Amino acid sequence: MNSRSDFTEVFPEILPGIVSQNPIMIKLAGYLKKISASDGAVFLNGETGTGKELFASAIHQLSGRLGKIVCVNCGAIPESLFESLFFGHEKGSFTGADRKQHGFFYQANEGTLFLDEIAELPLMHQAKLLRVLESRKFSRIGGSEVLDFTGRIVSASHQSLEQLVEGKEFREDLWYRLNLFEVAIPSLHQRRDDIPLLARCFAMSSGRITLAPCALQLLQSSEWPGNIRQLKNTIDKLAVLADNQYVSADTIRQLAMVAEPVDCATRVAKEIIDMPITNKLKTIYDALIEQAVEISHGNKSEAARLLGVHRKVIERRMAQIHIVR
Ligand SMILES: Nc1ncnc2c1ncn2[C@@H]1O[C@H](COP(=O)(O)OP(=O)(O)OP(=O)(O)O)[C@@H](O)[C@H]1O
């Protein structure tokens with residue numbers, strides 16, 4: 001393996017920098033290629049480490065926009081600096097403003113403004129952002145000149161903005177401005193077939209290790225709550241710590257680098273624990289009814305007896321959650 005083209009042949013990139021062979025991801029890439037060329041706002045939703053920033057960068061590259069991509073972590077903006085950082089300021093406009101400063105809106109002109117962790121933006125700042133997105137105009141602090149904002153907005157969050165809107169924690173009008181195109185990026189456990197490919201890709205990039213088939217199997221069946229970032233960190237650490245170039249499953253276990261696979265029941269229990277509080281009871285309730293119906297081979301009276309409820313409860317719920325028997 002000696003050139004970039006050899007590398008991309010073995011590790012197929014479905015979008016610039018994004019390695020995958022998973023059918024859902026390939027479909028997603030096709031969709032993103034279509035929407036990249038438009039000016040419409042894109043909202044990327046996905047767990048931490050699923051590659052949201054990489055997707056934003058791919059969208060920017062594919063868009064052919066002349067400007068640059070400006071990446072802003074909205075969770076890391078101090079409240080008092082929001083205006084200065086986004087709008088920029090004129091020299092002398094406040095104590096400490098010893099020179100004129102361009103803000104994010106200006107820097108992203110003709111390019112892309114990537115607003116990562118957008119849900120972290122306080123309501124007060126959401127209103128200011130909305131005004132610029134609606135008018136496409138802004139002024140620097142202390143300045144009278146009205147400037148155009150020509151950047152394309154791509155935003156991202158690991159949270160469901162729809163739920164935050166329902167809870168009045170996120171402005172509905174801003175949400176509509178941000179999600180002309182909404183993209184859900186699957187987490188790694190939804191595309192386990194990508195784990196060996198990504199692991200081999202990161203190992204190859206390290207230039208130090210090769211993963212044995214049993215090592216790849218272990219990685220594939222392990223839990224990756226931190227998604228691709230966690231997988232990449234693990235391989236990077238292995239490249240430093242492994243004594244031999246050829247890494248086996250035992251080496252990975254000895255270095256205690258992975259959470260061993262868990263059984264299905266444990267995984268479901270964990271998913272329920274991680275779920276927003278509003279969904280929990282309903283999910284457990286539905287799961288219990290489904291299980292009772294399953295055990296009693298569709299016999300509603302028996303399912304009701306198992307759960308200690310009236311048969312009508314089972315019938316009603318089965319109709320609602322479409323259990324076909
Ligand atoms: N499909 C992929 N192919 C290759 N590398 C990937 C892929 N997806 C993610 N990565 C790598 O995984 C790491 C995490 O990706 P990224 O920072 O884009 O995730 P994120 O969803 O933005 O994370 P966070 O929510 O924590 O900001 C990066 O090192 C990135 O290069």
# chains A, B, ... in the order shown; residues from 1 in each chain; ligands from 1

call {"tool": "residues_near_ligand", "arguments": {"ligand": "ligand 1", "cutoff": "9 Å", "atoms": "only C-alpha atoms and all ligand atoms", "output": "number ranges by chain"}}
result
A: 11, 13-15, 17-20, 25, 44-57, 73, 116-117, 156-158, 185, 194, 198, 201-202, 226-233

call {"tool": "residues_around", "arguments": {"residues": "range 148-154 of chain A", "least_positions_apart": "4", "cutoff": "6 Å", "atoms": "only C-alpha atoms", "output": "list in words"}}
result
Asp39, Ala41, Val42, Phe43, Ala108, Asn109, Glu110, Gly111, Thr112, Leu113, Phe114, Arg136 and Lys137 of chain A

call {"tool": "atom_distance", "arguments": {"atom1": "CA of Phe82 in chain A", "atom2": "CA of Leu133 in chain A"}}
result
15.7 Å

call {"tool": "residues_around", "arguments": {"residues": "range 174-176 of chain A", "least_positions_apart": "3", "cutoff": "12 Å", "atoms": "only C-alpha atoms", "output": "PDB file with N, CA and C atoms, in the first residue's frame"}}
result
ATOM      1  N   GLY A  40     -29.521  25.424   1.084  1.00  0.00           N
ATOM      2  CA  GLY A  40     -30.399  25.160   2.229  1.00  0.00           C
ATOM      3  C   GLY A  40     -29.657  24.711   3.482  1.00  0.00           C
ATOM      4  N   ALA A  41     -30.192  25.111   4.630  1.00  0.00           N
ATOM      5  CA  ALA A  41     -29.577  24.758   5.911  1.00  0.00           C
ATOM      6  C   ALA A  41     -29.693  23.257   6.165  1.00  0.00           C
ATOM      7  N   VAL A  42     -28.644  22.683   6.731  1.00  0.00           N
ATOM      8  CA  VAL A  42     -28.626  21.250   7.034  1.00  0.00           C
ATOM      9  C   VAL A  42     -28.465  21.067   8.536  1.00  0.00           C
ATOM     10  N   PHE A  43     -29.283  20.181   9.110  1.00  0.00           N
ATOM     11  CA  PHE A  43     -29.130  19.850  10.534  1.00  0.00           C
ATOM     12  C   PHE A  43     -28.697  18.397  10.649  1.00  0.00           C
ATOM     13  N   ILE A 118     -25.542  22.960  18.648  1.00  0.00           N
ATOM     14  CA  ILE A 118     -26.414  24.138  18.561  1.00  0.00           C
ATOM     15  C   ILE A 118     -27.417  24.202  19.717  1.00  0.00           C
ATOM     16  N   ALA A 119     -27.769  23.018  20.272  1.00  0.00           N
ATOM     17  CA  ALA A 119     -28.747  22.989  21.364  1.00  0.00           C
ATOM     18  C   ALA A 119     -28.221  23.713  22.607  1.00  0.00           C
ATOM     19  N   LEU A 121     -26.932  26.592  22.699  1.00  0.00           N
ATOM     20  CA  LEU A 121     -27.050  28.052  22.579  1.00  0.00           C
ATOM     21  C   LEU A 121     -28.208  28.557  23.442  1.00  0.00           C
ATOM     22  N   LEU A 123     -31.360  30.692  24.869  1.00  0.00           N
ATOM     23  CA  LEU A 123     -32.496  31.248  24.116  1.00  0.00           C
ATOM     24  C   LEU A 123     -32.229  32.673  23.636  1.00  0.00           C
ATOM     25  N   MET A 124     -31.577  33.458  24.498  1.00  0.00           N
ATOM     26  CA  MET A 124     -31.300  34.865  24.155  1.00  0.00           C
ATOM     27  C   MET A 124     -30.437  34.936  22.883  1.00  0.00           C
ATOM     28  N   HIS A 125     -29.451  34.044  22.794  1.00  0.00           N
ATOM     29  CA  HIS A 125     -28.570  34.052  21.623  1.00  0.00           C
ATOM     30  C   HIS A 125     -29.242  33.415  20.414  1.00  0.00           C
ATOM     31  N   GLN A 126     -30.154  32.494  20.684  1.00  0.00           N
ATOM     32  CA  GLN A 126     -30.904  31.901  19.565  1.00  0.00           C
ATOM     33  C   GLN A 126     -31.655  32.994  18.813  1.00  0.00           C
ATOM     34  N   ALA A 127     -32.226  33.957  19.568  1.00  0.00           N
ATOM     35  CA  ALA A 127     -32.994  35.041  18.949  1.00  0.00           C
ATOM     36  C   ALA A 127     -32.087  35.889  18.056  1.00  0.00           C
ATOM     37  N   LYS A 128     -30.869  36.125  18.515  1.00  0.00           N
ATOM     38  CA  LYS A 128     -29.934  36.948  17.727  1.00  0.00           C
ATOM     39  C   LYS A 128     -29.490  36.219  16.464  1.00  0.00           C
ATOM     40  N   LEU A 129     -29.273  34.932  16.597  1.00  0.00           N
ATOM     41  CA  LEU A 129     -28.873  34.134  15.433  1.00  0.00           C
ATOM     42  C   LEU A 129     -30.012  34.111  14.407  1.00  0.00           C
ATOM     43  N   LEU A 130     -31.246  33.934  14.926  1.00  0.00           N
ATOM     44  CA  LEU A 130     -32.410  33.863  14.042  1.00  0.00           C
ATOM     45  C   LEU A 130     -32.538  35.148  13.208  1.00  0.00           C
ATOM     46  N   ARG A 131     -32.331  36.283  13.884  1.00  0.00           N
ATOM     47  CA  ARG A 131     -32.471  37.563  13.177  1.00  0.00           C
ATOM     48  C   ARG A 131     -31.526  37.622  11.971  1.00  0.00           C
ATOM     49  N   VAL A 132     -30.298  37.170  12.166  1.00  0.00           N
ATOM     50  CA  VAL A 132     -29.333  37.210  11.056  1.00  0.00           C
ATOM     51  C   VAL A 132     -29.731  36.205   9.968  1.00  0.00           C
ATOM     52  N   LEU A 133     -30.181  35.041  10.374  1.00  0.00           N
ATOM     53  CA  LEU A 133     -30.549  34.037   9.364  1.00  0.00           C
ATOM     54  C   LEU A 133     -31.753  34.492   8.548  1.00  0.00           C
ATOM     55  N   GLU A 134     -32.656  35.264   9.192  1.00  0.00           N
ATOM     56  CA  GLU A 134     -33.840  35.742   8.465  1.00  0.00           C
ATOM     57  C   GLU A 134     -33.518  36.914   7.554  1.00  0.00           C
ATOM     58  N   ILE A 153     -25.565  27.593   6.349  1.00  0.00           N
ATOM     59  CA  ILE A 153     -25.585  27.100   7.728  1.00  0.00           C
ATOM     60  C   ILE A 153     -25.698  25.570   7.760  1.00  0.00           C
ATOM     61  N   SER A 155     -25.755  22.845  10.970  1.00  0.00           N
ATOM     62  CA  SER A 155     -25.721  22.769  12.434  1.00  0.00           C
ATOM     63  C   SER A 155     -25.778  21.299  12.849  1.00  0.00           C
ATOM     64  N   ALA A 156     -25.441  21.053  14.113  1.00  0.00           N
ATOM     65  CA  ALA A 156     -25.424  19.664  14.590  1.00  0.00           C
ATOM     66  C   ALA A 156     -25.717  19.611  16.077  1.00  0.00           C
ATOM     67  N   SER A 157     -26.265  18.474  16.491  1.00  0.00           N
ATOM     68  CA  SER A 157     -26.475  18.241  17.914  1.00  0.00           C
ATOM     69  C   SER A 157     -26.618  16.743  18.160  1.00  0.00           C
ATOM     70  N   SER A 160     -32.175  15.702  20.497  1.00  0.00           N
ATOM     71  CA  SER A 160     -33.283  15.884  19.570  1.00  0.00           C
ATOM     72  C   SER A 160     -33.797  17.314  19.733  1.00  0.00           C
ATOM     73  N   LEU A 161     -33.611  18.131  18.696  1.00  0.00           N
ATOM     74  CA  LEU A 161     -34.063  19.528  18.800  1.00  0.00           C
ATOM     75  C   LEU A 161     -35.587  19.596  18.840  1.00  0.00           C
ATOM     76  N   GLU A 162     -36.239  18.620  18.199  1.00  0.00           N
ATOM     77  CA  GLU A 162     -37.702  18.588  18.226  1.00  0.00           C
ATOM     78  C   GLU A 162     -38.208  18.507  19.666  1.00  0.00           C
ATOM     79  N   GLN A 163     -37.553  17.649  20.440  1.00  0.00           N
ATOM     80  CA  GLN A 163     -37.958  17.510  21.850  1.00  0.00           C
ATOM     81  C   GLN A 163     -37.669  18.783  22.624  1.00  0.00           C
ATOM     82  N   LEU A 164     -36.530  19.421  22.325  1.00  0.00           N
ATOM     83  CA  LEU A 164     -36.199  20.672  23.021  1.00  0.00           C
ATOM     84  C   LEU A 164     -37.204  21.760  22.655  1.00  0.00           C
ATOM     85  N   VAL A 165     -37.661  21.736  21.398  1.00  0.00           N
ATOM     86  CA  VAL A 165     -38.676  22.714  20.971  1.00  0.00           C
ATOM     87  C   VAL A 165     -39.968  22.469  21.761  1.00  0.00           C
ATOM     88  N   GLU A 166     -40.332  21.186  21.862  1.00  0.00           N
ATOM     89  CA  GLU A 166     -41.541  20.841  22.638  1.00  0.00           C
ATOM     90  C   GLU A 166     -41.428  21.326  24.072  1.00  0.00           C
ATOM     91  N   LYS A 168     -39.889  23.831  25.075  1.00  0.00           N
ATOM     92  CA  LYS A 168     -39.660  25.298  25.046  1.00  0.00           C
ATOM     93  C   LYS A 168     -38.220  25.671  25.401  1.00  0.00           C
ATOM     94  N   GLU A 169     -37.297  24.745  25.167  1.00  0.00           N
ATOM     95  CA  GLU A 169     -35.893  25.056  25.444  1.00  0.00           C
ATOM     96  C   GLU A 169     -35.166  25.485  24.176  1.00  0.00           C
ATOM     97  N   PHE A 170     -35.835  25.311  23.045  1.00  0.00           N
ATOM     98  CA  PHE A 170     -35.246  25.749  21.782  1.00  0.00           C
ATOM     99  C   PHE A 170     -36.328  26.428  20.971  1.00  0.00           C
ATOM    100  N   ARG A 171     -35.965  27.538  20.308  1.00  0.00           N
ATOM    101  CA  ARG A 171     -36.972  28.316  19.566  1.00  0.00           C
ATOM    102  C   ARG A 171     -37.463  27.545  18.339  1.00  0.00           C
ATOM    103  N   ASN A 179     -33.446  23.428   9.817  1.00  0.00           N
ATOM    104  CA  ASN A 179     -33.596  22.028   9.367  1.00  0.00           C
ATOM    105  C   ASN A 179     -34.306  21.864   8.044  1.00  0.00           C
ATOM    106  N   LEU A 180     -33.925  22.678   7.071  1.00  0.00           N
ATOM    107  CA  LEU A 180     -34.498  22.454   5.745  1.00  0.00           C
ATOM    108  C   LEU A 180     -34.187  20.993   5.352  1.00  0.00           C
ATOM    109  N   PHE A 181     -32.946  20.597   5.607  1.00  0.00           N
ATOM    110  CA  PHE A 181     -32.561  19.200   5.409  1.00  0.00           C
ATOM    111  C   PHE A 181     -32.106  18.643   6.746  1.00  0.00           C
ATOM    112  N   GLU A 182     -32.760  17.579   7.194  1.00  0.00           N
ATOM    113  CA  GLU A 182     -32.374  16.983   8.469  1.00  0.00           C
ATOM    114  C   GLU A 182     -31.735  15.617   8.198  1.00  0.00           C
TER     115      GLU A 182
END

call {"tool": "atom_distance", "arguments": {"atom1": "CA of Ala37 in chain A", "atom2": "CA of Phe105 in chain A"}}
result
20.2 Å

call {"tool": "select_by_dssp", "arguments": {"residues": "range 33-156 of chain A", "states": "helix (DSSP H, G or I)", "output": "VMD selection string"}}
result
chain A and resid 33 to 36 52 to 63 74 to 76 79 to 87 104 to 107 118 to 120 123 to 135

call {"tool": "atom_distance", "arguments": {"atom1": "CA of Pro12 in chain A", "atom2": "CA of Gly67 in chain A"}}
result
27.5 Å

call {"tool": "residues_around", "arguments": {"residues": "Pro23 in chain A", "least_positions_apart": "6", "cutoff": "12 Å", "atoms": "only C-alpha atoms", "output": "NGL selection string"}}
result
:A and (14 or 29-30 or 186 or 190-194)

call {"tool": "write_last_selection", "arguments": {"atoms": "N, CA and C atoms", "output": "JSON list (two decimals), in the first residue's frame"}}
result
[["chain", "number", "residue", "atom", "x", "y", "z"],
["A", 14, "ILE", "N", -17.19, 7.11, 1.14],
["A", 14, "ILE", "CA", -18.49, 7.39, 0.54],
["A", 14, "ILE", "C", -18.67, 8.89, 0.35],
["A", 29, "ALA", "N", -25.04, 9.07, 2.00],
["A", 29, "ALA", "CA", -24.04, 9.81, 1.22],
["A", 29, "ALA", "C", -24.66, 10.32, -0.08],
["A", 30, "GLY", "N", -25.48, 9.48, -0.70],
["A", 30, "GLY", "CA", -26.15, 9.88, -1.94],
["A", 30, "GLY", "C", -27.04, 11.09, -1.70],
["A", 186, "PRO", "N", -26.29, 7.48, 11.71],
["A", 186, "PRO", "CA", -26.42, 6.29, 12.56],
["A", 186, "PRO", "C", -25.22, 6.14, 13.50],
["A", 190, "GLN", "N", -25.46, 0.76, 15.18],
["A", 190, "GLN", "CA", -26.44, 0.56, 14.11],
["A", 190, "GLN", "C", -25.75, 0.17, 12.80],
["A", 191, "ARG", "N", -24.43, 0.21, 12.79],
["A", 191, "ARG", "CA", -23.69, -0.16, 11.57],
["A", 191, "ARG", "C", -22.43, -0.92, 11.97],
["A", 192, "ARG", "N", -22.68, -2.02, 12.67],
["A", 192, "ARG", "CA", -21.55, -2.81, 13.19],
["A", 192, "ARG", "C", -20.68, -3.35, 12.06],
["A", 193, "ASP", "N", -21.27, -3.49, 10.87],
["A", 193, "ASP", "CA", -20.48, -4.00, 9.74],
["A", 193, "ASP", "C", -19.34, -3.04, 9.38],
["A", 194, "ASP", "N", -19.43, -1.78, 9.82],
["A", 194, "ASP", "CA", -18.37, -0.81, 9.53],
["A", 194, "ASP", "C", -17.19, -0.92, 10.51]]

call {"tool": "select_by_dssp", "arguments": {"residues": "range 93-175 of chain A", "states": "strand (DSSP E)", "output": "ChimeraX atom specification"}}
result
/A:101-102,112-116,137-138,147-148,152-157

call {"tool": "write_last_selection", "arguments": {"atoms": "C-alpha atoms", "output": "short mmCIF file (atom, residue, chain, number, x, y, z; two decimals), in the first residue's frame"}}
result
data_model
loop_
_atom_site.label_atom_id
_atom_site.label_comp_id
_atom_site.auth_asym_id
_atom_site.auth_seq_id
_atom_site.Cartn_x
_atom_site.Cartn_y
_atom_site.Cartn_z
CA GLN A 101 -12.27 42.01 14.73
CA HIS A 102 -14.18 40.02 12.10
CA THR A 112 -20.14 27.45 5.49
CA LEU A 113 -20.86 28.27 9.12
CA PHE A 114 -20.90 25.00 11.07
CA LEU A 115 -22.71 25.40 14.38
CA ASP A 116 -21.83 22.33 16.42
CA LYS A 137 -27.73 41.08 7.43
CA PHE A 138 -25.57 41.95 10.42
CA LEU A 147 -23.00 43.70 6.10
CA ASP A 148 -24.41 40.76 4.15
CA ARG A 152 -24.48 28.40 4.35
CA ILE A 153 -25.58 27.10 7.73
CA VAL A 154 -24.87 23.54 8.81
CA SER A 155 -25.72 22.77 12.43
CA ALA A 156 -25.42 19.66 14.59
CA SER A 157 -26.47 18.24 17.91
#
